[in-house]
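Asker: For reference, the structure I am asking about is given below.
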Amino acid sequence: MKKPIKIIDLFSGPGGLGEGFSSIKDSDGNQVFKLISSIEREPSAHRTLKLRAFFRQFDEAPKEYYDFLKGKLGKTPEEKLYKLEKFSEQVKAAEAEALNLELGKDDEQIYKAISNALGSDNCVLIGGPPCQAYSVAGVARNKSNQKYDPTLDNRNFLYKEYLKVIALFQPLIFVMENVKGMLSAKVNGELIYKSIFKDLENPCNSVDMKPTFHQGHGYKIVSLVTTGKEDIKLQPKDYVINSENYGVPQRRHRVILLGIREDIAENWNNIVLPTKDSMVSIGDILFDLPKLRSGLSKEINTDDNWLASIKDNASYTIKSLNKNNQKLVANKFAEAIEEIELPKDKQGSNFGLKRTSSIKNKYLRDWYYDKNLNGYVCNHETRGHLSKDLQRYLFCSIWAKTGIENAWDRLSPKANEFPEALIPNHKNFKTGKFADRFRVQPENLPATTITCHISKDGHYYIHPDYLQCRSLTVREAARIQTFPDNYFFVGNRTQQYVQVGNAVPPLLSAQIAQLISDFLLHIER
């Protein structure tokens with residue numbers, strides 16, 4: 001058996017990239033890649049990383065791990081699971097792999113840990129430097145701040161920390177993920193991606209560092225979706241991966257750069273990710289989960305109050321819809337009010353709920369399900385909503401259902417299509433600035449991008465099932481991000497949402513990892 005290829009994961013978040021690489025096996029069923037160091041500064045994401053590192057210490061996770069996911073072994077892994085004497089070695093190994101450290105601040109510790117774990121072996125480097133300064137929201141905030149100076153925003157230059165690790169440890173290949181905004185962001189009037197590409201091609205020169213033991217190499221940056229023929233120069237858009245084309249039930253568009261060390265780069269031969277024949281919708285991957293009601297915020301949160309809030313306010317909404325000449329939606333709304341009842345599992349739970357059915361697609365079932373879970377799911381608990389927002393969520397989800405039945409071009413209503421009864425108390429609501437303030441995720445399409453904003457409110461992430469009348473749970477967001485059901489997110493619910501929103505979809509990562517595995521195994525033969 002060949003030794004697994006060692007993986008260093010920087011800016012790991014909850015571990016989406018690493019999960020994809022860890023899932024790859026060779027023809028004999030052996031692990032192709034082994035994570036040796038995952039670096040994450042945010043404490044709750046680090047706790048999730050550590051739990052997943054613990055899970056990977058076993059060929060098959062023990063019964064106690066599944067007992068924890070079912071709610072039988074405390075509310076956190078630290079409470080009981082890690083304290084079991086029989087797992088002391090695995091806990092110690094997980095602590096050595098998942099490090100709660102910050103690049104640019106704890107570099108000496110980080111480099112030492114990587115060096116000890118790596119030895120003289122080759123490796124692959126993965127990770128995505130934080131991208132808030134390049135994101136659409138970040139750019140908008142910065143433009144409105146007259147005092148903002150991009151040259152003083154260290155988030156614009158966190159990729160330099162990534163470069164230092166490349167320079168020191170000379171990975172065979174690196175995978176760097178970032179938002180599309182990286183391709184248009186400017187510092188001092190210059191597009192920053194040009195300097196990023198230049199630096200990545202010559203990491204030792206750009207950070208003035210020498211490798212720990214390897215020869216210093218340059219790197220060739222390639223696209224995973226477009227072949228780089230010599231007579232056609234790749235454009236920035238050629239480095240953007242649209243996740244929905246690769247079996248991810250989400251329209252997540254991200255820059256993913258693949259760097260190949262120059263001594264093996266000539267063997268790459270224009271390999272690209274194969275696209276899927278059809279897209280996966282969120283209906284394909286959500287409707288086996290237990291149906292839940294939302295909570296109620298700013299009023300007494302009881303089952304009866306939730307049901308009464310929806311039904312008592314409905315007549316005013318229906319009257320307003322009819323007045324707005326939205327008779328199809330009004331009729332469907334009236335039917336829904338007759339149908340809505342309290343779900344058996346109420347608001348759900350962080351632990352111990354059971355699936356109510358099964359995903360139909362075998363490939364997706366095999367990816368999400370773990371037979372040792374026996375149908376249990378975790379992190380599936382709703383948050384509270386204002387009773388007025390419940391009417392808005394119901395309107396949006398019914399709009400989508402009506403739109404699907406009548407083949408409408410657009411399945412989520414704009415602000416100017418809201419009936420008078422549901423217009424929020426924002427004087428600018430209908431100006432266009434808040435056109436998508438409330439957005440349903442139609443069941444027949446991939447979701448829009450799951451971002452960490454999902455932690456703030458659920459308005460952009462309304463569940464397609466109008467009978468549940470709520471926003472997505474952490475588990476539903478994790479399903480859309482393609483995390484397996486045995487992946488537990490540690491921390492409070494807000495922290496869990498942030499972790500899921502910041503992650504790379506593991507199913508996409510697995511396809512990239514498979515491409516890299518095939519390439520590295522080929523050049524070794």
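By order in the structure tokens, chains are A, B, ...; within a chain, residues start at 1; ligands start at 1, following the order shown.
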At a cut-off of 10 Å, can you tabulate as a tab-separated table every residue of segment 186-273 of chain A near segment 495-507 of chain A together with its closest atom pair and the distance in Å to one decimal, using only C-alpha atoms and ordering rows by chain then number?
Answerer:
```
residue	atom	partner	partner_atom	distance
A:Ser243	CA	A:Pro505	CA	8.3
A:Tyr246	CA	A:Leu507	CA	8.5
A:Gly247	CA	A:Leu507	CA	7.8
A:Val248	CA	A:Leu507	CA	6.9
A:Pro249	CA	A:Pro505	CA	9.8
A:Gln250	CA	A:Pro505	CA	9.3
A:Arg252	CA	A:Pro505	CA	9.0
A:Arg254	CA	A:Val504	CA	9.2
```
Asker: Those selected residues, please, written with N, CA and C atoms and delivered as an mmCIF file, in the first residue's frame.
Answerer:
```cif
data_model
loop_
_atom_site.group_PDB
_atom_site.id
_atom_site.type_symbol
_atom_site.label_atom_id
_atom_site.label_comp_id
_atom_site.auth_asym_id
_atom_site.auth_seq_id
_atom_site.Cartn_x
_atom_site.Cartn_y
_atom_site.Cartn_z
ATOM 1 N N SER A 243 -20.679 25.888 -9.394
ATOM 2 C CA SER A 243 -20.875 24.612 -8.694
ATOM 3 C C SER A 243 -22.052 23.803 -9.217
ATOM 4 N N TYR A 246 -21.607 20.875 -11.519
ATOM 5 C CA TYR A 246 -20.845 19.718 -11.051
ATOM 6 C C TYR A 246 -21.582 18.958 -9.946
ATOM 7 N N GLY A 247 -22.919 18.976 -10.012
ATOM 8 C CA GLY A 247 -23.715 18.159 -9.104
ATOM 9 C C GLY A 247 -23.970 18.759 -7.741
ATOM 10 N N VAL A 248 -23.591 20.021 -7.527
ATOM 11 C CA VAL A 248 -23.853 20.696 -6.255
ATOM 12 C C VAL A 248 -25.193 21.424 -6.377
ATOM 13 N N PRO A 249 -26.119 21.228 -5.441
ATOM 14 C CA PRO A 249 -27.448 21.836 -5.558
ATOM 15 C C PRO A 249 -27.457 23.315 -5.168
ATOM 16 N N GLN A 250 -26.561 24.069 -5.777
ATOM 17 C CA GLN A 250 -26.355 25.460 -5.377
ATOM 18 C C GLN A 250 -25.631 26.207 -6.488
ATOM 19 N N ARG A 252 -23.334 28.383 -6.736
ATOM 20 C CA ARG A 252 -22.212 29.011 -6.043
ATOM 21 C C ARG A 252 -21.085 29.186 -7.049
ATOM 22 N N ARG A 254 -17.376 30.509 -7.670
ATOM 23 C CA ARG A 254 -16.170 30.873 -6.940
ATOM 24 C C ARG A 254 -14.928 30.714 -7.820
#
```
Asker: Counting only C-alpha atoms, what is within 7 Å of Val225 of chain A, bar same-chain residues fewer than 5 positions away, as a PyMOL selection string?
Answerer: chain A and resi 238+241+272-273
Asker: Can I get the selection written as a short mmCIF file (atom, residue, chain, number, x, y, z; two decimals), in the first residue's frame, with C-alpha atoms?
Answerer:
```cif
data_model
loop_
_atom_site.label_atom_id
_atom_site.label_comp_id
_atom_site.auth_asym_id
_atom_site.auth_seq_id
_atom_site.Cartn_x
_atom_site.Cartn_y
_atom_site.Cartn_z
CA ASP A 238 -11.94 31.05 -16.91
CA ILE A 241 -16.26 27.35 -11.17
CA VAL A 272 -10.67 19.84 -16.63
CA LEU A 273 -13.55 18.87 -14.34
#
```
Asker: Considering only C-alpha atoms, can you say which of A:Gly18, A:Glu60, A:Asp288, A:Leu84 comes closest to Val175 of chain A?
Answerer: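 Closest candidate: A:Gly18.
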Asker: Identify, on the basis of only C-alpha atoms, every residue whose closest approach to His253 of chain A does not exceed 8 Å; exclude the query and any residue fewer than 3 positions from it along the same chain; express the result as an mmCIF file with N, CA and C atoms, in the first residue's frame.
Answerer:
```cif
data_model
loop_
_atom_site.group_PDB
_atom_site.id
_atom_site.type_symbol
_atom_site.label_atom_id
_atom_site.label_comp_id
_atom_site.auth_asym_id
_atom_site.auth_seq_id
_atom_site.Cartn_x
_atom_site.Cartn_y
_atom_site.Cartn_z
ATOM 1 N N VAL A 179 -13.685 34.322 -3.630
ATOM 2 C CA VAL A 179 -14.896 34.832 -4.280
ATOM 3 C C VAL A 179 -14.563 35.451 -5.628
ATOM 4 N N LYS A 180 -15.587 35.568 -6.479
ATOM 5 C CA LYS A 180 -15.397 36.154 -7.806
ATOM 6 C C LYS A 180 -14.884 37.594 -7.726
ATOM 7 N N VAL A 240 -13.343 30.720 -12.817
ATOM 8 C CA VAL A 240 -14.552 30.663 -11.990
ATOM 9 C C VAL A 240 -15.252 29.319 -12.209
ATOM 10 N N ILE A 241 -15.534 28.627 -11.112
ATOM 11 C CA ILE A 241 -16.260 27.354 -11.169
ATOM 12 C C ILE A 241 -17.704 27.593 -10.733
ATOM 13 N N ASN A 242 -18.641 27.222 -11.582
ATOM 14 C CA ASN A 242 -20.065 27.281 -11.260
ATOM 15 C C ASN A 242 -20.486 25.935 -10.690
ATOM 16 N N SER A 243 -20.679 25.888 -9.394
ATOM 17 C CA SER A 243 -20.875 24.612 -8.694
ATOM 18 C C SER A 243 -22.052 23.803 -9.217
ATOM 19 N N THR A 449 -26.541 31.108 -3.674
ATOM 20 C CA THR A 449 -25.343 30.861 -2.859
ATOM 21 C C THR A 449 -25.629 30.943 -1.364
#
```
Asker: If you measure from atom CA of Gly71 of chain A to atom CA of Glu381 of chain A, what distance in Å do you get, rounded to one decimal?
Answerer: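 Interatomic distance here is 13.3 Å.
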Asker: Set the distance at 10 Å and use only C-alpha atoms: which residues neighbour Val222 of chain A once local chain neighbours fewer than 3 positions away are removed? I'd like the list as a ChimeraX atom specification.
Answerer: /A:219,225-228,234,238-239,256-260,265,268,270-272
Asker: Keeping only N, CA and C atoms, write the selected residues to a file as a PDB file, in the first residue's frame.
Answerer:
```pdb
ATOM      1  N   TYR A 219       5.419  27.932 -10.113  1.00  0.00           N
ATOM      2  CA  TYR A 219       4.181  27.194 -10.291  1.00  0.00           C
ATOM      3  C   TYR A 219       3.432  27.659 -11.542  1.00  0.00           C
ATOM      4  N   VAL A 225     -11.755  24.461 -15.472  1.00  0.00           N
ATOM      5  CA  VAL A 225     -12.956  24.377 -16.306  1.00  0.00           C
ATOM      6  C   VAL A 225     -12.708  24.710 -17.776  1.00  0.00           C
ATOM      7  N   THR A 226     -11.544  25.291 -18.091  1.00  0.00           N
ATOM      8  CA  THR A 226     -11.235  25.682 -19.470  1.00  0.00           C
ATOM      9  C   THR A 226      -9.823  25.248 -19.806  1.00  0.00           C
ATOM     10  N   THR A 227      -9.644  24.603 -20.957  1.00  0.00           N
ATOM     11  CA  THR A 227      -8.300  24.183 -21.355  1.00  0.00           C
ATOM     12  C   THR A 227      -7.489  25.392 -21.797  1.00  0.00           C
ATOM     13  N   GLY A 228      -6.270  25.477 -21.329  1.00  0.00           N
ATOM     14  CA  GLY A 228      -5.400  26.597 -21.665  1.00  0.00           C
ATOM     15  C   GLY A 228      -4.544  26.300 -22.877  1.00  0.00           C
ATOM     16  N   LEU A 234      -5.964  32.566 -21.329  1.00  0.00           N
ATOM     17  CA  LEU A 234      -7.106  32.448 -20.426  1.00  0.00           C
ATOM     18  C   LEU A 234      -7.494  33.817 -19.863  1.00  0.00           C
ATOM     19  N   ASP A 238     -12.236  32.462 -16.677  1.00  0.00           N
ATOM     20  CA  ASP A 238     -11.945  31.053 -16.912  1.00  0.00           C
ATOM     21  C   ASP A 238     -11.522  30.315 -15.640  1.00  0.00           C
ATOM     22  N   TYR A 239     -11.341  31.057 -14.555  1.00  0.00           N
ATOM     23  CA  TYR A 239     -10.968  30.438 -13.286  1.00  0.00           C
ATOM     24  C   TYR A 239     -12.161  30.339 -12.330  1.00  0.00           C
ATOM     25  N   ILE A 256     -11.444  29.269  -8.271  1.00  0.00           N
ATOM     26  CA  ILE A 256     -10.593  28.210  -7.720  1.00  0.00           C
ATOM     27  C   ILE A 256      -9.367  28.089  -8.608  1.00  0.00           C
ATOM     28  N   LEU A 257      -8.225  28.402  -8.021  1.00  0.00           N
ATOM     29  CA  LEU A 257      -6.950  28.367  -8.740  1.00  0.00           C
ATOM     30  C   LEU A 257      -6.209  27.080  -8.406  1.00  0.00           C
ATOM     31  N   LEU A 258      -5.730  26.412  -9.436  1.00  0.00           N
ATOM     32  CA  LEU A 258      -4.929  25.209  -9.247  1.00  0.00           C
ATOM     33  C   LEU A 258      -3.504  25.533  -9.669  1.00  0.00           C
ATOM     34  N   GLY A 259      -2.592  25.406  -8.727  1.00  0.00           N
ATOM     35  CA  GLY A 259      -1.178  25.649  -9.018  1.00  0.00           C
ATOM     36  C   GLY A 259      -0.419  24.338  -9.052  1.00  0.00           C
ATOM     37  N   ILE A 260       0.349  24.122 -10.124  1.00  0.00           N
ATOM     38  CA  ILE A 260       1.114  22.880 -10.283  1.00  0.00           C
ATOM     39  C   ILE A 260       2.599  23.213 -10.271  1.00  0.00           C
ATOM     40  N   ALA A 265       4.573  20.195 -13.966  1.00  0.00           N
ATOM     41  CA  ALA A 265       3.476  20.899 -14.644  1.00  0.00           C
ATOM     42  C   ALA A 265       3.288  20.455 -16.091  1.00  0.00           C
ATOM     43  N   TRP A 268       0.477  17.953 -16.909  1.00  0.00           N
ATOM     44  CA  TRP A 268      -0.927  18.245 -16.603  1.00  0.00           C
ATOM     45  C   TRP A 268      -1.842  17.993 -17.804  1.00  0.00           C
ATOM     46  N   ASN A 270      -3.869  19.797 -19.806  1.00  0.00           N
ATOM     47  CA  ASN A 270      -5.191  20.434 -19.958  1.00  0.00           C
ATOM     48  C   ASN A 270      -6.360  19.604 -19.427  1.00  0.00           C
ATOM     49  N   ILE A 271      -6.227  19.121 -18.208  1.00  0.00           N
ATOM     50  CA  ILE A 271      -7.295  18.340 -17.588  1.00  0.00           C
ATOM     51  C   ILE A 271      -8.336  19.298 -17.009  1.00  0.00           C
ATOM     52  N   VAL A 272      -9.620  19.002 -17.207  1.00  0.00           N
ATOM     53  CA  VAL A 272     -10.671  19.836 -16.630  1.00  0.00           C
ATOM     54  C   VAL A 272     -11.705  18.958 -15.918  1.00  0.00           C
TER      55      VAL A 272
END
```
Asker: Go through A:Tyr111, A:Phe395, A:Tyr461, A:Tyr66 one by one, measure the shortest atom-to-atom distance of each to Thr448 of chain A using only C-alpha atoms, and give the residue with the smallest value.
Answerer: A:Tyr461
Asker: Can you list, as an mmCIF file with C-alpha atoms, in the first residue's frame, every protein, DNA or RNA residue that comes within 12 Å of segment 304-317 of chain A when you count only C-alpha atoms, leaving out same-chain residues fewer than 5 positions away?
Answerer:
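Everything below was put into around_20.cif:
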```
data_model
loop_
_atom_site.group_PDB
_atom_site.id
_atom_site.type_symbol
_atom_site.label_atom_id
_atom_site.label_comp_id
_atom_site.auth_asym_id
_atom_site.auth_seq_id
_atom_site.Cartn_x
_atom_site.Cartn_y
_atom_site.Cartn_z
ATOM 1 C CA LEU A 292 -40.502 21.574 11.161
ATOM 2 C CA ARG A 293 -42.200 24.766 12.251
ATOM 3 C CA SER A 294 -40.309 27.979 12.879
ATOM 4 C CA GLY A 295 -40.025 29.583 16.277
ATOM 5 C CA LEU A 296 -41.701 32.885 17.130
ATOM 6 C CA SER A 297 -39.553 35.825 18.129
ATOM 7 C CA LYS A 298 -40.790 38.778 20.195
ATOM 8 C CA GLU A 299 -43.857 36.860 21.352
ATOM 9 C CA ASN A 322 -56.749 39.849 -4.515
ATOM 10 C CA LYS A 323 -56.673 43.636 -4.435
ATOM 11 C CA ASN A 324 -53.247 43.396 -6.107
ATOM 12 C CA GLN A 326 -52.674 38.163 -7.716
ATOM 13 C CA LYS A 327 -55.596 35.766 -7.760
ATOM 14 C CA VAL A 329 -51.367 33.209 -5.471
ATOM 15 C CA ALA A 330 -54.340 34.271 -3.353
ATOM 16 C CA ASN A 331 -56.191 31.042 -4.126
ATOM 17 C CA LYS A 332 -53.134 28.918 -3.361
ATOM 18 C CA PHE A 333 -52.656 30.919 -0.143
ATOM 19 C CA ALA A 334 -56.212 30.110 0.939
ATOM 20 C CA GLU A 335 -55.656 26.408 0.210
ATOM 21 C CA ALA A 336 -52.400 26.452 2.206
ATOM 22 C CA ILE A 337 -54.103 27.937 5.269
ATOM 23 C CA GLU A 338 -56.499 24.988 5.277
ATOM 24 C CA GLU A 339 -53.594 22.519 4.969
ATOM 25 C CA ILE A 340 -51.084 23.921 7.462
ATOM 26 C CA GLU A 341 -50.779 21.951 10.677
ATOM 27 C CA LEU A 342 -48.235 21.549 13.419
ATOM 28 C CA PRO A 343 -45.308 19.327 12.276
ATOM 29 C CA LYS A 346 -42.082 20.841 16.000
ATOM 30 C CA GLN A 347 -38.951 23.070 15.888
ATOM 31 C CA GLY A 384 -37.561 32.249 15.494
ATOM 32 C CA HIS A 385 -39.261 34.618 13.058
ATOM 33 C CA LEU A 386 -41.539 37.619 13.507
ATOM 34 C CA SER A 387 -45.177 36.679 12.957
ATOM 35 C CA LYS A 388 -45.388 39.284 10.168
ATOM 36 C CA ASP A 389 -42.427 37.619 8.450
ATOM 37 C CA LEU A 390 -44.220 34.262 8.567
ATOM 38 C CA GLN A 391 -46.840 35.758 6.222
ATOM 39 C CA ARG A 392 -44.076 37.027 3.933
ATOM 40 C CA TYR A 393 -42.347 33.632 3.911
ATOM 41 C CA LEU A 394 -45.656 31.940 3.179
ATOM 42 C CA PHE A 395 -46.327 34.374 0.331
ATOM 43 C CA PHE A 418 -45.557 42.267 -2.536
ATOM 44 C CA PRO A 419 -49.170 43.047 -1.614
ATOM 45 C CA GLU A 420 -49.757 46.061 0.585
ATOM 46 C CA ALA A 421 -50.400 43.886 3.638
ATOM 47 C CA LEU A 422 -46.885 42.427 3.517
ATOM 48 C CA ILE A 423 -44.781 45.505 2.758
ATOM 49 C CA TYR A 466 -44.962 26.552 2.222
ATOM 50 C CA LEU A 467 -46.528 24.222 4.802
ATOM 51 C CA GLN A 468 -43.400 24.676 6.953
ATOM 52 C CA CYS A 469 -43.407 28.473 6.553
ATOM 53 C CA ARG A 470 -39.816 29.162 7.647
#
```
